$ cat work16.cif   # mmCIF, C-alpha atoms and all ligand atoms
data_my_file
#
loop_
_atom_site.label_atom_id
_atom_site.label_comp_id
_atom_site.auth_asym_id
_atom_site.auth_seq_id
_atom_site.Cartn_x
_atom_site.Cartn_y
_atom_site.Cartn_z
CA MET A 1 -44.13 1.12 -9.63
CA ASP A 2 -40.59 1.32 -10.93
CA MET A 3 -39.23 4.82 -11.30
CA THR A 4 -37.90 6.06 -14.61
CA PRO A 5 -34.21 7.10 -14.76
CA GLN A 6 -35.40 10.73 -14.71
CA GLU A 7 -37.50 10.17 -11.56
CA THR A 8 -34.69 8.28 -9.84
CA ILE A 9 -32.21 11.08 -10.52
CA ALA A 10 -34.69 13.71 -9.28
CA TYR A 11 -35.25 11.70 -6.07
CA ILE A 12 -31.51 11.31 -5.43
CA GLY A 13 -31.06 15.07 -5.94
CA ARG A 14 -33.70 15.87 -3.29
CA MET A 15 -32.04 13.43 -0.87
CA LEU A 16 -28.59 14.94 -1.43
CA PHE A 17 -29.86 18.42 -0.71
CA GLU A 18 -32.05 17.47 2.28
CA ARG A 19 -29.13 15.62 3.87
CA ARG A 20 -26.77 18.55 3.20
CA LEU A 21 -24.73 16.33 0.93
CA THR A 22 -24.67 19.01 -1.73
CA ASP A 23 -25.36 22.74 -2.05
CA PHE A 24 -26.94 25.31 -4.37
CA ALA A 25 -23.64 25.90 -6.17
CA GLY A 26 -23.35 22.54 -7.79
CA GLY A 27 -23.18 18.82 -7.92
CA ASN A 28 -24.61 16.58 -10.58
CA ILE A 29 -26.14 13.16 -10.84
CA SER A 30 -26.10 10.81 -13.81
CA MET A 31 -26.99 7.29 -14.90
CA ARG A 32 -26.08 5.22 -17.92
CA VAL A 33 -28.84 2.94 -19.20
CA GLY A 34 -27.59 0.85 -22.11
CA GLU A 35 -25.99 3.32 -24.49
CA GLU A 36 -27.90 6.32 -23.16
CA VAL A 37 -26.84 8.81 -20.49
CA PHE A 38 -29.24 10.73 -18.21
CA MET A 39 -27.97 13.73 -16.23
CA THR A 40 -29.23 16.55 -14.03
CA PRO A 41 -29.45 19.82 -15.98
CA ARG A 42 -27.26 22.83 -15.25
CA TYR A 43 -28.51 25.05 -12.42
CA SER A 44 -30.23 22.11 -10.68
CA GLY A 45 -29.14 23.72 -7.41
CA ALA A 46 -29.13 27.42 -8.20
CA LYS A 47 -32.47 27.54 -10.04
CA GLN A 48 -34.35 24.34 -9.17
CA HIS A 49 -33.06 24.16 -5.57
CA TRP A 50 -32.60 20.41 -6.07
CA ARG A 51 -36.32 19.81 -6.54
CA VAL A 52 -35.44 18.84 -10.09
CA ASP A 53 -38.36 18.39 -12.47
CA PRO A 54 -37.77 14.93 -14.05
CA GLN A 55 -38.77 16.39 -17.41
CA THR A 56 -35.73 18.67 -17.32
CA ILE A 57 -33.24 15.78 -16.99
CA VAL A 58 -30.90 15.90 -19.99
CA HIS A 59 -30.34 12.66 -21.91
CA GLY A 60 -28.58 11.54 -25.04
CA PRO A 61 -26.41 8.82 -26.56
CA LEU A 62 -23.11 8.02 -24.84
CA ASN A 63 -21.08 7.47 -27.97
CA THR A 64 -21.60 10.80 -29.68
CA ASP A 65 -21.06 14.35 -28.39
CA ASP A 66 -24.67 15.36 -29.15
CA ILE A 67 -25.50 15.74 -25.47
CA LEU A 68 -22.78 18.42 -25.12
CA ASP A 69 -24.82 20.64 -27.46
CA HIS A 70 -27.93 20.48 -25.29
CA PRO A 71 -28.49 23.99 -23.87
CA ASP A 72 -29.04 22.57 -20.37
CA PHE A 73 -26.06 20.20 -20.37
CA SER A 74 -24.22 20.71 -17.08
CA ARG A 75 -20.73 22.03 -17.64
CA GLU A 76 -19.52 19.64 -14.94
CA GLY A 77 -20.92 16.73 -16.95
CA LYS A 78 -17.89 16.20 -19.18
CA ALA A 79 -16.17 14.15 -16.47
CA HIS A 80 -19.25 11.87 -16.25
CA LEU A 81 -19.16 11.16 -19.99
CA ALA A 82 -15.44 10.44 -19.89
CA VAL A 83 -15.92 7.93 -17.06
CA TYR A 84 -18.81 6.10 -18.78
CA ARG A 85 -16.80 5.89 -21.99
CA GLU A 86 -13.68 4.48 -20.33
CA PHE A 87 -15.24 2.21 -17.67
CA PRO A 88 -18.04 0.00 -19.07
CA SER A 89 -18.89 -1.26 -15.56
CA ALA A 90 -19.74 2.29 -14.39
CA THR A 91 -23.44 3.09 -14.67
CA ALA A 92 -24.05 5.67 -11.91
CA ILE A 93 -22.23 8.82 -10.77
CA ILE A 94 -22.82 11.43 -8.08
CA HIS A 95 -20.70 14.55 -7.88
CA ALA A 96 -21.53 16.64 -4.80
CA HIS A 97 -20.38 19.48 -2.58
CA SER A 98 -20.89 17.72 0.77
CA PHE A 99 -20.83 19.84 3.92
CA TYR A 100 -18.26 17.92 5.98
CA VAL A 101 -16.22 16.71 3.00
CA LEU A 102 -15.54 20.21 1.68
CA PRO A 103 -12.92 21.13 4.34
CA PHE A 104 -10.82 18.18 3.12
CA CYS A 105 -11.27 19.29 -0.51
CA ALA A 106 -10.47 22.91 0.33
CA ALA A 107 -7.24 21.90 2.04
CA GLY A 108 -6.37 19.14 -0.45
CA ARG A 109 -6.01 16.72 2.46
CA PRO A 110 -6.50 12.92 2.34
CA MET A 111 -9.29 11.42 4.43
CA ASN A 112 -8.64 8.40 6.61
CA PRO A 113 -11.49 5.95 7.09
CA ILE A 114 -12.04 6.11 10.85
CA LEU A 115 -15.45 4.40 10.90
CA GLU A 116 -16.00 0.72 10.23
CA ALA A 117 -18.57 1.79 7.64
CA THR A 118 -15.93 3.55 5.54
CA GLU A 119 -13.07 1.05 5.82
CA LYS A 120 -13.93 -0.39 2.41
CA PHE A 121 -12.92 2.89 0.73
CA GLY A 122 -9.41 2.99 2.22
CA VAL A 123 -7.65 6.36 2.48
CA ILE A 124 -9.30 8.75 0.02
CA GLU A 125 -6.58 10.87 -1.54
CA PRO A 126 -7.28 14.29 -3.07
CA LEU A 127 -6.71 14.50 -6.83
CA PRO A 128 -4.25 17.01 -8.27
CA PHE A 129 -6.14 20.28 -8.78
CA ALA A 130 -7.87 20.77 -12.14
CA PRO A 131 -10.47 23.48 -12.84
CA ALA A 132 -14.17 22.51 -12.74
CA HIS A 133 -15.66 22.03 -16.23
CA SER A 134 -12.22 21.29 -17.79
CA MET A 135 -11.19 18.26 -19.81
CA GLU A 136 -8.14 18.21 -17.57
CA LEU A 137 -10.46 17.39 -14.65
CA ALA A 138 -12.16 14.64 -16.69
CA ASN A 139 -8.74 13.13 -17.48
CA THR A 140 -7.59 13.40 -13.86
CA VAL A 141 -10.76 11.63 -12.67
CA CYS A 142 -10.31 8.77 -15.17
CA GLU A 143 -6.65 8.38 -14.26
CA ALA A 144 -7.51 8.07 -10.55
CA LEU A 145 -10.32 5.59 -11.24
CA ARG A 146 -7.94 3.23 -13.04
CA HIS A 147 -6.55 2.39 -9.60
CA LYS A 148 -10.03 1.90 -8.09
CA GLU A 149 -11.83 -0.02 -10.79
CA GLU A 150 -12.64 -2.92 -8.48
CA LEU A 151 -14.42 -0.59 -6.04
CA ILE A 152 -16.81 0.57 -8.77
CA THR A 153 -18.44 -2.85 -8.94
CA ARG A 154 -17.78 -3.94 -5.34
CA PHE A 155 -19.53 -0.90 -3.86
CA ALA A 156 -18.59 2.60 -5.03
CA ALA A 157 -15.33 4.35 -5.91
CA PRO A 158 -14.96 7.79 -4.25
CA LEU A 159 -12.60 10.57 -5.31
CA LEU A 160 -11.86 13.91 -3.62
CA LEU A 161 -11.64 16.83 -6.05
CA THR A 162 -9.24 19.41 -4.63
CA ARG A 163 -10.92 22.75 -3.77
CA HIS A 164 -14.17 21.39 -5.20
CA GLY A 165 -16.08 18.34 -3.91
CA ILE A 166 -16.58 14.60 -4.01
CA PHE A 167 -17.08 12.33 -7.06
CA VAL A 168 -18.44 8.79 -6.60
CA VAL A 169 -18.77 6.12 -9.29
CA SER A 170 -20.73 2.88 -8.98
CA THR A 171 -23.10 0.52 -10.73
CA ASP A 172 -26.11 1.92 -8.88
CA LEU A 173 -27.16 5.44 -7.88
CA TYR A 174 -28.40 4.31 -4.45
CA ARG A 175 -24.95 2.91 -3.73
CA CYS A 176 -23.42 6.23 -4.78
CA LEU A 177 -25.79 8.02 -2.39
CA ASP A 178 -24.95 5.60 0.42
CA ALA A 179 -21.22 6.16 -0.17
CA VAL A 180 -21.52 9.96 -0.19
CA GLU A 181 -23.43 9.86 3.11
CA ARG A 182 -20.96 7.45 4.76
CA ILE A 183 -17.99 9.55 3.67
CA ASN A 184 -19.67 12.77 4.82
CA TRP A 185 -20.22 11.31 8.31
CA ASN A 186 -16.67 9.95 8.34
CA ALA A 187 -15.45 13.46 7.50
CA TRP A 188 -17.47 14.90 10.38
CA CYS A 189 -15.97 12.32 12.75
CA VAL A 190 -12.42 13.15 11.64
CA LEU A 191 -13.08 16.88 12.13
CA ALA A 192 -14.79 16.28 15.51
CA GLN A 193 -11.85 14.36 16.98
CA GLY A 194 -10.28 17.70 17.86
CA MET A 195 -13.37 18.64 19.91
CA LEU A 196 -13.31 15.60 22.18
CA PRO A 197 -12.36 16.33 25.82
CA GLN A 198 -9.03 15.05 27.09
CA GLN A 199 -9.32 11.63 28.64
CA PRO A 200 -8.82 11.71 32.43
ZN ZN B 301 -19.05 20.74 -8.49
#
$ encode --input "work16.cif" --output "structure tokens" --more "lines below"
Ligand SMILES: [Zn+2]
Amino acid sequence: MDMTPQETIAYIGRMLFERRLTDFAGGNISMRVGEEVFMTPRYSGAKQHWRVDPQTIVHGPLNTDDILDHPDFSREGKAHLAVYREFPSATAIIHAHSFYVLPFCAAGRPMNPILEATEKFGVIEPLPFAPAHSMELANTVCEALRHKEELITRFAAPLLLTRHGIFVVSTDLYRCLDAVERINWNAWCVLAQGMLPQQP
């Protein structure tokens, strides 16, 4: 049986947490279906431990600000709305605090694609710092996506948020999940290069 948007989002949240692709502190998952947006509620990590009850998924129309008034609207969700409003092709977003990606975010360092599986993303540059929850962050995300619009429909467009996490935009949530996982493993491989023994 097909899953509802709420069930799909809840499933993706469990996967992210089980695979250590996000943490208790944050992350959020959203989908656009027609003119409606569905998004994980605030405290999905801290209070629901990423076993999000589908009935708690917040939803509302894209073209009004009604959803912002919902008491459980995630404060990190403003960037999602801004992306859906500016890029009609975007219908799925994952923002996550992925274990191996966070060192790159913390240092504001670009990530080279060193696996064949991540070549399609090119070098992922960190965005200029903007505080979480701010409109400045939403604007910075949209500005960066203007240079990656083709990746949104071709696979998924990833962004590194300095001192924060990863943000991936696509046409499908499963593609977003796939991209987050690939980039997390790529990050591990970059970090692990320094642990390899010297070649004889
Ligand atoms: Zn976050």
$ residues_near_ligand --input "work16.cif" --ligand "ligand ZN 301 (chain B)" --cutoff "12 Å" --atoms "only C-alpha atoms and all ligand atoms" --output "PyMOL selection string"
chain A and resi 21-29+42-45+74-80+94-98+102+105+130-134+137+160-167
$ atom_distance --input "work16.cif" --atom1 "atom CA of Pro88 of chain A" --atom2 "atom CA of Trp50 of chain A"
28.2 Å
$ residues_around --input "work16.cif" --residues "Glu181 of chain A" --least-positions-apart "6" --cutoff "12 Å" --atoms "all atoms listed in the file" --output "ChimeraX atom specification"
/A:12,15-22,94,96-101,117-118,156,158,166,168,174-175,187-188
$ atom_distance --input "work16.cif" --atom1 "atom CA of Gln6 of chain A" --atom2 "atom CA of Asp178 of chain A"
19.1 Å
$ residues_around --input "work16.cif" --residues "His70 of chain A" --least-positions-apart "2" --cutoff "10 Å" --atoms "all atoms listed in the file" --output "ChimeraX atom specification"
/A:41,58-60,65-68,72-74
$ atom_distance --input "work16.cif" --atom1 "atom CA of Cys189 of chain A" --atom2 "atom CA of Val169 of chain A"
23.1 Å
$ closest_residue --input "work16.cif" --among "A:Gly122, A:Gly194, A:Gly13, A:Gly34" --to "Cys176 of chain A" --atoms "only C-alpha atoms"
A:Gly13
$ closest_residue --input "work16.cif" --among "A:Gln198, A:Gln193, A:Asn139, A:Thr171" --to "Thr153 of chain A" --atoms "all atoms listed in the file"
A:Thr171
$ residues_around --input "work16.cif" --residues "Thr4 of chain A" --least-positions-apart "2" --cutoff "12 Å" --atoms "all atoms listed in the file" --output "ChimeraX atom specification"
/A:1-2,6-11,31,33,38,54-55,57
$ closest_residue --input "work16.cif" --among "A:Glu116, A:Arg14, A:Ile124, A:Met39" --to "His147 of chain A" --atoms "all atoms listed in the file"
A:Ile124
$ closest_residue --input "work16.cif" --among "A:Leu127, A:Ala179, A:Val52, A:Leu62" --to "Phe155 of chain A" --atoms "all atoms listed in the file"
A:Ala179
$ residues_around --input "work16.cif" --residues "Val123 of chain A" --least-positions-apart "2" --cutoff "9 Å" --atoms "all atoms listed in the file" --output "ChimeraX atom specification"
/A:110-113,119,121,125
